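*Asks:* Shown below is the structure under consideration.
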Protein chains: 2
Amino acid sequence: MVDATTFPTDGYIAESAARMTGCTLRPVTPSEVPGALGDRTAAVLLNHVDYRTGRLHDLPSLTAAVHAAGAYAVWDLCHSAGALPVGLDRHGVDLAVGCTYKYLNGGPGSPAFLYVRADLQDRFDSPLPGWNSHAEPFGMRPGYEPAAGAVRGRVGTPDILSMLALEAALEVWDGVAVDTVRAKSLALTDFFLECVEEYVPEGRVACVTPRAHAERGSQIALRCPDAGAVMERLIERGVVGDFRHPDVLRFGFTPLYVGFADVERAARVLAEVLA
Amino acid sequence: MVDATTFPTDGYIAESAARMTGCTLRPVTPSEVPGALGDRTAAVLLNHVDYRTGRLHDLPSLTAAVHAAGAYAVWDLCHSAGALPVGLDRHGVDLAVGCTYKYLNGGPGSPAFLYVRADLQDRFDSPLPGWNSHAEPFGMRPGYEPAAGAVRGRVGTPDILSMLALEAALEVWDGVAVDTVRAKSLALTDFFLECVEEYVPEGRVACVTPRAHAERGSQIALRCPDAGAVMERLIERGVVGDFRHPDVLRFGFTPLYVGFADVERAARVLAEVLA
């Protein structure tokens with residue numbers, strides 16, 4: 001079962017894995033997952049935050065529902081890791097993946113990560129084994145024997161330059177609690193919404209990100225006619241967001257780097273562009 | 001069928017692919033491949049140069065033998081690309097892979113590459129599809145439609161920093177013919193062997209790399225008792241090679257960067273360490 005609103009690559013990979021292993025892939029929206037689970041469900045791949053709308057899904061209750069059906073819960077944390085508490089261990093998540101180039105600030109092409117629940121690590125069977133996940137990496141043995149623990153998820157030589165940049169990017173986290181980051185993230189996105197309401201002429205944009213804190217990631221997505229051209233003009237003026245087909249302006253808020261003055265300016269420039 | 005002397009990761013991946021697709025994997029040494037081919041052979045994965053001994057395999061004749069059996073020839077070029085002419089198009093190779101961090105000088109963790117024969121590109125079916133191999137990469141479509149041509153071998157965001165370093169590393173190739181590089185490579189390795197014979201006390205090392213130019217890559221592998229400790233001492237003195245289990249000293253010669261004086265010094269330091 002795969003999140004029908006998933007970031008596309010996740011869905012393509014899920015389809016490829018299903019095809020290679022002879023399984024059937026079923027796309028289901030996250031809210032409909034509990035009702036769609038059954039005896040034949042092996043694993044469910046879900047996104048913690050919808051990359052388009054910024055909606056935060058309920059990881060604890062969805063994970064519990066998946067487990068109740070006897071399936072594995074696999075979460076994509078690209079749009080939540082570094083922005084809010086995730087609690088993989090606490091909620092018994094089985095597997096998780098994510099990138100480090102969004103809220104972990106590693107920059108474009110920064111390394112991905114893999115999480116394997118502690119008691120599954122010695123049964124984790126990677127389809128991409130390599131010398132760097134071998135029990136004896138420099139032994140160069142003809143037979144594959146996976147290393148103990150999560151490092152068996154490695155493959156070959158990692159991209160050293162990107163790892164070094166990520167190491168530096170992660171230093172800003174020293175001594176920072178993720179709860180504090182979450183509090184600032186919500187304050188920033190609340191403030192952005194207030195500024196947009198105040199500055200942008202009525203009816204020019206519609207917020208597609210949930211207002212409720214419990215359902216919001218660290219982004220605000222605004223539906224807007226001609227969003228592609230609008231984003232181009234924003235970027236020209238130093239307000240860097242994304243355009244998502246067909247009509248979405250996406251603004252990400254990285255609490256360790258973005259301040260309230262940045263947020264106020266972003267809303268003001270948006271209002272000027274739409275004026 | 002997989003090269004029984006392969007670089008381990010290739011063998012592990014071949015085994016994983018065979019397991020997922022229900023095929024049988026058969027390890028065969030390259031010289032025995034022609035005699036082992038049969039009706040049931042689907043694909044043969046071979047290394048152009050043996051990473052341990054430095055032996056160069058005969059790509060044109062092995063490819064022809066594989067084709068005569070109706071199978072696909074897949075070559076790993078990690079230890080030949082950038083060191084000698086390969087001629088993938090000329091010899092009708094079907095698929096090839098390789099790294100850019102050896103003779104293409106991209107440094108550790110530099111990006112890998114994939115080659116797909118031109119007339120196979122539109123049938124190439126990647127097990128790792130992603131947004132970056134989609135016909136419309138920024139369309140973020142739920143359905144996967146591969147791009148035309150070799151770019152369908154891409155997956156997601158490439159590691160940008162490593163790509164930039166590689167771009168700079170490849171600039172030294174502007175205006176350089178690979179035949180010239182090959183000629184210098186052979187001259188360097190010949191000269192290294194002469195210096196080793198001249199300086200190193202008789203019987204202390206035995207060359208396991210073939211003497212014949214047609215069977216030699218761009219490395220020299222010397223069998224030597226206590227090779228691990230010997231390589232440590234060489235590296236301390238600035239002669240950087242590899243130790244390969246159980247008793248091999250491996251020296252790589254990158255013609256665009258290594259000169260004859262470096263080679264003479266490496267042999268001299270080796271003799272001093274072994275004295």
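Following the order of the structure tokens, first chain is A, next is B, and so on, with residues numbered from 1 inside each chain and ligands from 1 in the order they appear.
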Can you list, as a ChimeraX atom specification, every protein, DNA or RNA residue that comes within 10 Å of region 22-29 of chain B when you count only C-alpha atoms, leaving out same-chain residues fewer than 4 positions away?

*Replies:* /A:20-21,142 /B:1-6,11,14-18,33-37,40-46

*Asks:* Would you save the residues from that selection as a CSV table (one decimal), in the first residue's frame, using N, CA, C and O atoms?

*Replies:*
chain,number,residue,atom,x,y,z
A,20,MET,N,9.0,-6.3,-8.9
A,20,MET,CA,10.1,-7.2,-8.8
A,20,MET,C,9.8,-8.4,-7.9
A,20,MET,O,10.4,-9.5,-8.0
A,21,THR,N,9.0,-8.1,-6.9
A,21,THR,CA,8.8,-9.1,-5.8
A,21,THR,C,7.4,-9.8,-6.0
A,21,THR,O,7.0,-10.6,-5.2
A,142,PRO,N,34.2,-12.7,-1.5
A,142,PRO,CA,33.3,-13.0,-2.6
A,142,PRO,C,31.8,-13.2,-2.0
A,142,PRO,O,30.9,-12.8,-2.7
B,1,MET,N,25.3,-14.8,-15.3
B,1,MET,CA,26.7,-15.1,-15.1
B,1,MET,C,27.5,-13.9,-14.6
B,1,MET,O,27.3,-12.8,-15.1
B,2,VAL,N,28.3,-14.1,-13.6
B,2,VAL,CA,29.1,-13.0,-13.1
B,2,VAL,C,30.5,-13.4,-12.9
B,2,VAL,O,30.9,-14.5,-12.6
B,3,ASP,N,31.4,-12.5,-13.3
B,3,ASP,CA,32.9,-12.6,-13.1
B,3,ASP,C,33.2,-13.0,-11.7
B,3,ASP,O,32.9,-12.3,-10.7
B,4,ALA,N,33.8,-14.2,-11.6
B,4,ALA,CA,34.0,-14.8,-10.3
B,4,ALA,C,35.1,-14.0,-9.5
B,4,ALA,O,35.3,-14.1,-8.3
B,5,THR,N,35.9,-13.2,-10.3
B,5,THR,CA,37.0,-12.4,-9.7
B,5,THR,C,36.5,-11.0,-9.5
B,5,THR,O,37.3,-10.1,-9.3
B,6,THR,N,35.2,-10.8,-9.6
B,6,THR,CA,34.7,-9.4,-9.6
B,6,THR,C,35.0,-8.6,-8.3
B,6,THR,O,35.2,-9.2,-7.2
B,11,GLY,N,29.4,-8.4,-7.4
B,11,GLY,CA,28.9,-9.8,-7.2
B,11,GLY,C,27.7,-9.8,-6.2
B,11,GLY,O,26.7,-10.5,-6.5
B,14,ALA,N,24.7,-8.5,-8.1
B,14,ALA,CA,24.3,-9.5,-9.1
B,14,ALA,C,23.4,-10.6,-8.4
B,14,ALA,O,22.4,-11.0,-8.9
B,15,GLU,N,23.9,-11.0,-7.2
B,15,GLU,CA,23.2,-12.0,-6.5
B,15,GLU,C,21.8,-11.5,-6.0
B,15,GLU,O,20.8,-12.2,-6.1
B,16,SER,N,21.8,-10.3,-5.6
B,16,SER,CA,20.5,-9.7,-5.2
B,16,SER,C,19.5,-9.6,-6.3
B,16,SER,O,18.4,-9.9,-6.2
B,17,ALA,N,20.0,-9.1,-7.5
B,17,ALA,CA,19.2,-9.0,-8.7
B,17,ALA,C,18.7,-10.4,-9.1
B,17,ALA,O,17.5,-10.5,-9.5
B,18,ALA,N,19.5,-11.4,-9.1
B,18,ALA,CA,19.1,-12.7,-9.4
B,18,ALA,C,18.0,-13.2,-8.5
B,18,ALA,O,17.0,-13.8,-8.9
B,33,VAL,N,34.6,-17.8,-19.4
B,33,VAL,CA,33.2,-17.4,-19.8
B,33,VAL,C,32.8,-18.0,-21.1
B,33,VAL,O,31.7,-18.6,-21.3
B,34,PRO,N,33.7,-17.9,-22.2
B,34,PRO,CA,33.2,-18.4,-23.5
B,34,PRO,C,32.7,-19.9,-23.4
B,34,PRO,O,31.7,-20.2,-24.0
B,35,GLY,N,33.4,-20.7,-22.7
B,35,GLY,CA,33.1,-22.1,-22.6
B,35,GLY,C,31.8,-22.4,-21.7
B,35,GLY,O,31.2,-23.4,-21.8
B,36,ALA,N,31.5,-21.4,-20.9
B,36,ALA,CA,30.4,-21.6,-19.9
B,36,ALA,C,29.1,-21.1,-20.4
B,36,ALA,O,28.1,-21.3,-19.8
B,37,LEU,N,29.1,-20.3,-21.5
B,37,LEU,CA,27.9,-19.7,-22.0
B,37,LEU,C,26.9,-20.7,-22.6
B,37,LEU,O,27.4,-21.7,-23.1
B,40,ARG,N,20.7,-20.7,-21.7
B,40,ARG,CA,20.0,-20.1,-20.5
B,40,ARG,C,20.8,-18.9,-20.0
B,40,ARG,O,20.3,-18.3,-19.0
B,41,THR,N,21.9,-18.5,-20.6
B,41,THR,CA,22.6,-17.3,-20.2
B,41,THR,C,21.8,-16.0,-20.6
B,41,THR,O,21.6,-15.8,-21.8
B,42,ALA,N,21.4,-15.2,-19.7
B,42,ALA,CA,20.7,-14.0,-20.0
B,42,ALA,C,21.6,-12.8,-20.1
B,42,ALA,O,21.5,-12.0,-21.0
B,43,ALA,N,22.5,-12.7,-19.1
B,43,ALA,CA,23.5,-11.6,-19.1
B,43,ALA,C,24.7,-12.0,-18.4
B,43,ALA,O,24.7,-12.8,-17.6
B,44,VAL,N,25.8,-11.3,-18.8
B,44,VAL,CA,27.1,-11.6,-18.2
B,44,VAL,C,27.8,-10.3,-17.7
B,44,VAL,O,27.9,-9.3,-18.5
B,45,LEU,N,28.1,-10.3,-16.5
B,45,LEU,CA,28.7,-9.1,-15.9
B,45,LEU,C,30.2,-9.3,-15.7
B,45,LEU,O,30.6,-10.3,-15.0
B,46,LEU,N,31.0,-8.5,-16.3
B,46,LEU,CA,32.4,-8.7,-16.3
B,46,LEU,C,33.1,-7.4,-15.9
B,46,LEU,O,32.7,-6.3,-16.2

*Asks:* Chain B residues within 9 Å of chain A, counting only C-alpha atoms: which ones, as an NGL selection string?

*Replies:* :B and (4-13 or 16-17 or 20-21 or 107-111 or 126-132 or 138-144 or 155-162 or 165 or 244-246)

*Asks:* For Arg117 (chain A), find every residue with an atom within 8 Å (counting only C-alpha atoms), except residues of its own chain fewer than 6 positions away, and show them as a PyMOL selection string.

*Replies:* chain A and resi 89+92-95

*Asks:* Any chance you could export the current selection's N, CA, C and O atoms as an mmCIF file, in the first residue's frame?

*Replies:*
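again05.cif written:
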data_model
loop_
_atom_site.group_PDB
_atom_site.id
_atom_site.type_symbol
_atom_site.label_atom_id
_atom_site.label_comp_id
_atom_site.auth_asym_id
_atom_site.auth_seq_id
_atom_site.Cartn_x
_atom_site.Cartn_y
_atom_site.Cartn_z
ATOM 1 N N ASP A 89 11.237 5.779 17.379
ATOM 2 C CA ASP A 89 11.377 4.728 18.393
ATOM 3 C C ASP A 89 10.126 4.676 19.262
ATOM 4 O O ASP A 89 9.581 3.602 19.520
ATOM 5 N N GLY A 92 7.170 3.099 17.524
ATOM 6 C CA GLY A 92 7.376 1.759 16.979
ATOM 7 C C GLY A 92 7.407 1.685 15.459
ATOM 8 O O GLY A 92 7.104 0.642 14.878
ATOM 9 N N VAL A 93 7.792 2.789 14.817
ATOM 10 C CA VAL A 93 7.896 2.767 13.342
ATOM 11 C C VAL A 93 8.901 1.696 12.927
ATOM 12 O O VAL A 93 9.931 1.511 13.581
ATOM 13 N N ASP A 94 8.596 0.979 11.859
ATOM 14 C CA ASP A 94 9.460 -0.110 11.415
ATOM 15 C C ASP A 94 10.636 0.385 10.580
ATOM 16 O O ASP A 94 11.782 0.048 10.838
ATOM 17 N N LEU A 95 10.300 1.154 9.539
ATOM 18 C CA LEU A 95 11.324 1.637 8.619
ATOM 19 C C LEU A 95 11.027 3.091 8.275
ATOM 20 O O LEU A 95 9.860 3.489 8.207
#

*Asks:* Record the distance separating CA of Leu84 (chain B) and CA of Asp190 (chain B), expressed in Å with one decimal.

*Replies:*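 Between CA of Leu84 (chain B) and CA of Asp190 (chain B) the gap works out to 15.1 Å.
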
*Asks:* Which is closer to Val176 (chain A) than all the others in A:Asp242, A:Ala150, A:Ala229, A:Gly82, using only C-alpha atoms?

*Replies:* A:Gly82

*Asks:* Where in region 184-260 of chain A does DSSP assign strand (DSSP E or B), given as an MDAnalysis selection string?

*Replies:* chainID A and resid 206:207 216 219:223 242:244 248:252

*Asks:* When you look at Cys195 (chain B) with a cut-off of 10 Å (counting only C-alpha atoms), what residues show up, excluding the ones that are within fewer than 6 positions of it in the same chain? I need them as a ChimeraX atom specification.

*Replies:* /B:189,263-268,271

*Asks:* So that I can see what lies close to Arg223 (chain B), please list as a PyMOL selection string the residues with an atom at most 9 Å from it, counting only C-alpha atoms and leaving out residues fewer than 2 positions away in the same chain.

*Replies:* chain B and resi 204-208+221+225+227+246-250

*Asks:* Could you state the separation of CA of Leu256 (chain A) and CA of Trp75 (chain A) in Å, given to one decimal place?

*Replies:* 23.9 Å

*Asks:* Work out how far apart CA of Thr53 (chain B) and CA of Thr209 (chain B) are and give it in Å to one decimal.

*Replies:*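 The value is 5.2 Å.
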
*Asks:* Fewer than 5 positions away in the same chain doesn't count, so skip those; otherwise give me all residues within 9 Å of Phe251 (chain A), counting only C-alpha atoms, as a PyMOL selection string.

*Replies:* chain A and resi 218-222+239-242

*Asks:* Looking only at helix (DSSP H, G or I) from DSSP on the backbone, list the matching residues of region 32-86 of chain A as a PyMOL selection string.

*Replies:* chain A and resi 32-36+59-68

*Asks:* Please dump the current selection as a compact mmCIF listing (two decimals), in the first residue's frame; keep N, CA, C and O atoms.

*Replies:*
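Listed below is the output, again_21.txt:
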# COMPACT_ATOMS: atom_id res chain seq x y z
N GLU A 32 -7.49 7.38 4.32
CA GLU A 32 -8.24 6.16 4.03
C GLU A 32 -7.46 4.88 4.31
O GLU A 32 -8.00 3.77 4.13
N VAL A 33 -6.21 5.02 4.76
CA VAL A 33 -5.40 3.83 5.02
C VAL A 33 -6.02 2.90 6.06
O VAL A 33 -6.15 1.69 5.81
N PRO A 34 -6.45 3.42 7.23
CA PRO A 34 -6.97 2.48 8.24
C PRO A 34 -8.10 1.60 7.70
O PRO A 34 -8.12 0.39 7.97
N GLY A 35 -9.00 2.17 6.91
CA GLY A 35 -10.11 1.39 6.37
C GLY A 35 -9.72 0.46 5.25
O GLY A 35 -10.46 -0.47 4.91
N ALA A 36 -8.56 0.68 4.66
CA ALA A 36 -8.15 -0.11 3.50
C ALA A 36 -7.23 -1.27 3.86
O ALA A 36 -6.95 -2.13 3.04
N LEU A 59 1.28 10.26 12.47
CA LEU A 59 2.18 9.10 12.45
C LEU A 59 1.87 8.08 13.55
O LEU A 59 1.81 6.87 13.24
N PRO A 60 1.63 8.51 14.80
CA PRO A 60 1.36 7.47 15.83
C PRO A 60 0.12 6.64 15.52
O PRO A 60 0.18 5.41 15.57
N SER A 61 -0.99 7.27 15.16
CA SER A 61 -2.22 6.48 14.98
C SER A 61 -2.17 5.67 13.68
O SER A 61 -2.64 4.54 13.63
N LEU A 62 -1.58 6.22 12.64
CA LEU A 62 -1.48 5.45 11.40
C LEU A 62 -0.54 4.25 11.57
O LEU A 62 -0.81 3.15 11.08
N THR A 63 0.56 4.47 12.29
CA THR A 63 1.49 3.36 12.54
C THR A 63 0.79 2.26 13.33
O THR A 63 0.92 1.07 13.02
N ALA A 64 0.01 2.66 14.35
CA ALA A 64 -0.71 1.67 15.16
C ALA A 64 -1.71 0.88 14.31
O ALA A 64 -1.85 -0.33 14.45
N ALA A 65 -2.40 1.58 13.41
CA ALA A 65 -3.37 0.90 12.54
C ALA A 65 -2.66 -0.10 11.62
O ALA A 65 -3.14 -1.23 11.43
N VAL A 66 -1.53 0.30 11.07
CA VAL A 66 -0.77 -0.60 10.20
C VAL A 66 -0.32 -1.84 10.98
O VAL A 66 -0.44 -2.97 10.50
N HIS A 67 0.18 -1.59 12.19
CA HIS A 67 0.62 -2.74 13.01
C HIS A 67 -0.53 -3.66 13.39
O HIS A 67 -0.37 -4.87 13.43
N ALA A 68 -1.69 -3.07 13.63
CA ALA A 68 -2.86 -3.89 13.99
C ALA A 68 -3.24 -4.83 12.86
O ALA A 68 -3.79 -5.91 13.08

*Asks:* Compile the contact shell of Phe113 (chain B) as a PDB file with N, CA, C and O atoms, in the first residue's frame: residues with an atom at most 12 Å away, counting only C-alpha atoms, same-chain residues fewer than 4 positions apart removed.

*Replies:*
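Once written, selection30.pdb looks like this:
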ATOM      1  N   TRP B  75      29.608  -4.507 -18.672  1.00  0.00           N
ATOM      2  CA  TRP B  75      31.003  -4.333 -18.245  1.00  0.00           C
ATOM      3  C   TRP B  75      31.109  -3.319 -17.121  1.00  0.00           C
ATOM      4  O   TRP B  75      30.488  -2.254 -17.172  1.00  0.00           O
ATOM      5  N   ASP B  76      31.950  -3.643 -16.129  1.00  0.00           N
ATOM      6  CA  ASP B  76      32.304  -2.696 -15.077  1.00  0.00           C
ATOM      7  C   ASP B  76      33.634  -2.058 -15.477  1.00  0.00           C
ATOM      8  O   ASP B  76      34.639  -2.757 -15.624  1.00  0.00           O
ATOM      9  N   LEU B  77      33.604  -0.741 -15.651  1.00  0.00           N
ATOM     10  CA  LEU B  77      34.772  -0.015 -16.158  1.00  0.00           C
ATOM     11  C   LEU B  77      35.508   0.773 -15.079  1.00  0.00           C
ATOM     12  O   LEU B  77      36.341   1.634 -15.392  1.00  0.00           O
ATOM     13  N   CYS B  78      35.204   0.499 -13.807  1.00  0.00           N
ATOM     14  CA  CYS B  78      35.815   1.271 -12.713  1.00  0.00           C
ATOM     15  C   CYS B  78      37.328   1.401 -12.864  1.00  0.00           C
ATOM     16  O   CYS B  78      37.893   2.454 -12.589  1.00  0.00           O
ATOM     17  N   ALA B  81      38.097   3.028 -17.223  1.00  0.00           N
ATOM     18  CA  ALA B  81      37.650   4.308 -17.784  1.00  0.00           C
ATOM     19  C   ALA B  81      38.616   5.413 -17.360  1.00  0.00           C
ATOM     20  O   ALA B  81      38.892   5.587 -16.183  1.00  0.00           O
ATOM     21  N   LEU B  95      25.596  -2.849 -21.907  1.00  0.00           N
ATOM     22  CA  LEU B  95      25.478  -2.014 -20.711  1.00  0.00           C
ATOM     23  C   LEU B  95      26.845  -1.905 -20.054  1.00  0.00           C
ATOM     24  O   LEU B  95      27.646  -2.845 -20.115  1.00  0.00           O
ATOM     25  N   ALA B  96      27.097  -0.766 -19.437  1.00  0.00           N
ATOM     26  CA  ALA B  96      28.343  -0.623 -18.679  1.00  0.00           C
ATOM     27  C   ALA B  96      28.096   0.299 -17.495  1.00  0.00           C
ATOM     28  O   ALA B  96      27.206   1.150 -17.532  1.00  0.00           O
ATOM     29  N   VAL B  97      28.865   0.088 -16.459  1.00  0.00           N
ATOM     30  CA  VAL B  97      28.827   0.943 -15.280  1.00  0.00           C
ATOM     31  C   VAL B  97      30.266   1.242 -14.883  1.00  0.00           C
ATOM     32  O   VAL B  97      31.195   0.576 -15.330  1.00  0.00           O
ATOM     33  N   GLY B  98      30.424   2.249 -14.057  1.00  0.00           N
ATOM     34  CA  GLY B  98      31.759   2.543 -13.568  1.00  0.00           C
ATOM     35  C   GLY B  98      31.743   3.693 -12.601  1.00  0.00           C
ATOM     36  O   GLY B  98      30.715   4.347 -12.400  1.00  0.00           O
ATOM     37  N   CYS B  99      32.877   3.917 -11.981  1.00  0.00           N
ATOM     38  CA  CYS B  99      33.008   5.036 -11.058  1.00  0.00           C
ATOM     39  C   CYS B  99      33.863   6.099 -11.728  1.00  0.00           C
ATOM     40  O   CYS B  99      34.507   5.859 -12.734  1.00  0.00           O
ATOM     41  N   THR B 100      33.842   7.282 -11.152  1.00  0.00           N
ATOM     42  CA  THR B 100      34.664   8.372 -11.697  1.00  0.00           C
ATOM     43  C   THR B 100      35.757   8.751 -10.706  1.00  0.00           C
ATOM     44  O   THR B 100      36.403   9.765 -10.870  1.00  0.00           O
ATOM     45  N   TYR B 101      35.930   7.935  -9.658  1.00  0.00           N
ATOM     46  CA  TYR B 101      36.896   8.356  -8.639  1.00  0.00           C
ATOM     47  C   TYR B 101      38.232   7.662  -8.724  1.00  0.00           C
ATOM     48  O   TYR B 101      39.074   7.868  -7.874  1.00  0.00           O
ATOM     49  N   LEU B 104      39.337   8.705 -13.491  1.00  0.00           N
ATOM     50  CA  LEU B 104      38.702   9.962 -13.912  1.00  0.00           C
ATOM     51  C   LEU B 104      38.849  11.027 -12.821  1.00  0.00           C
ATOM     52  O   LEU B 104      38.385  12.158 -12.984  1.00  0.00           O
ATOM     53  N   GLY B 106      37.748  11.978  -9.900  1.00  0.00           N
ATOM     54  CA  GLY B 106      36.711  12.755  -9.217  1.00  0.00           C
ATOM     55  C   GLY B 106      36.834  12.724  -7.698  1.00  0.00           C
ATOM     56  O   GLY B 106      36.133  13.462  -7.019  1.00  0.00           O
ATOM     57  N   ALA B 150      19.387   7.833 -22.540  1.00  0.00           N
ATOM     58  CA  ALA B 150      20.113   7.299 -21.386  1.00  0.00           C
ATOM     59  C   ALA B 150      19.753   7.983 -20.070  1.00  0.00           C
ATOM     60  O   ALA B 150      19.981   7.413 -19.005  1.00  0.00           O
ATOM     61  N   VAL B 151      19.185   9.186 -20.111  1.00  0.00           N
ATOM     62  CA  VAL B 151      18.873   9.875 -18.852  1.00  0.00           C
ATOM     63  C   VAL B 151      17.810   9.144 -18.032  1.00  0.00           C
ATOM     64  O   VAL B 151      17.630   9.447 -16.858  1.00  0.00           O
ATOM     65  N   GLY B 153      18.233   6.497 -16.807  1.00  0.00           N
ATOM     66  CA  GLY B 153      19.010   5.805 -15.781  1.00  0.00           C
ATOM     67  C   GLY B 153      19.205   6.641 -14.524  1.00  0.00           C
ATOM     68  O   GLY B 153      19.701   6.155 -13.521  1.00  0.00           O
ATOM     69  N   ARG B 154      18.824   7.919 -14.575  1.00  0.00           N
ATOM     70  CA  ARG B 154      18.906   8.760 -13.371  1.00  0.00           C
ATOM     71  C   ARG B 154      17.883   8.308 -12.340  1.00  0.00           C
ATOM     72  O   ARG B 154      16.956   7.563 -12.646  1.00  0.00           O
ATOM     73  N   PRO B 158      20.889  14.456  -7.852  1.00  0.00           N
ATOM     74  CA  PRO B 158      22.280  13.995  -7.748  1.00  0.00           C
ATOM     75  C   PRO B 158      23.016  14.788  -6.659  1.00  0.00           C
ATOM     76  O   PRO B 158      22.571  15.852  -6.246  1.00  0.00           O
ATOM     77  N   MET B 163      29.260  16.396  -7.994  1.00  0.00           N
ATOM     78  CA  MET B 163      29.167  16.635  -9.437  1.00  0.00           C
ATOM     79  C   MET B 163      30.041  17.836  -9.839  1.00  0.00           C
ATOM     80  O   MET B 163      30.683  17.821 -10.890  1.00  0.00           O
ATOM     81  N   LEU B 166      33.626  16.792  -9.797  1.00  0.00           N
ATOM     82  CA  LEU B 166      33.896  15.944 -10.957  1.00  0.00           C
ATOM     83  C   LEU B 166      34.002  16.776 -12.236  1.00  0.00           C
ATOM     84  O   LEU B 166      34.868  16.534 -13.080  1.00  0.00           O
TER      85      LEU B 166
END
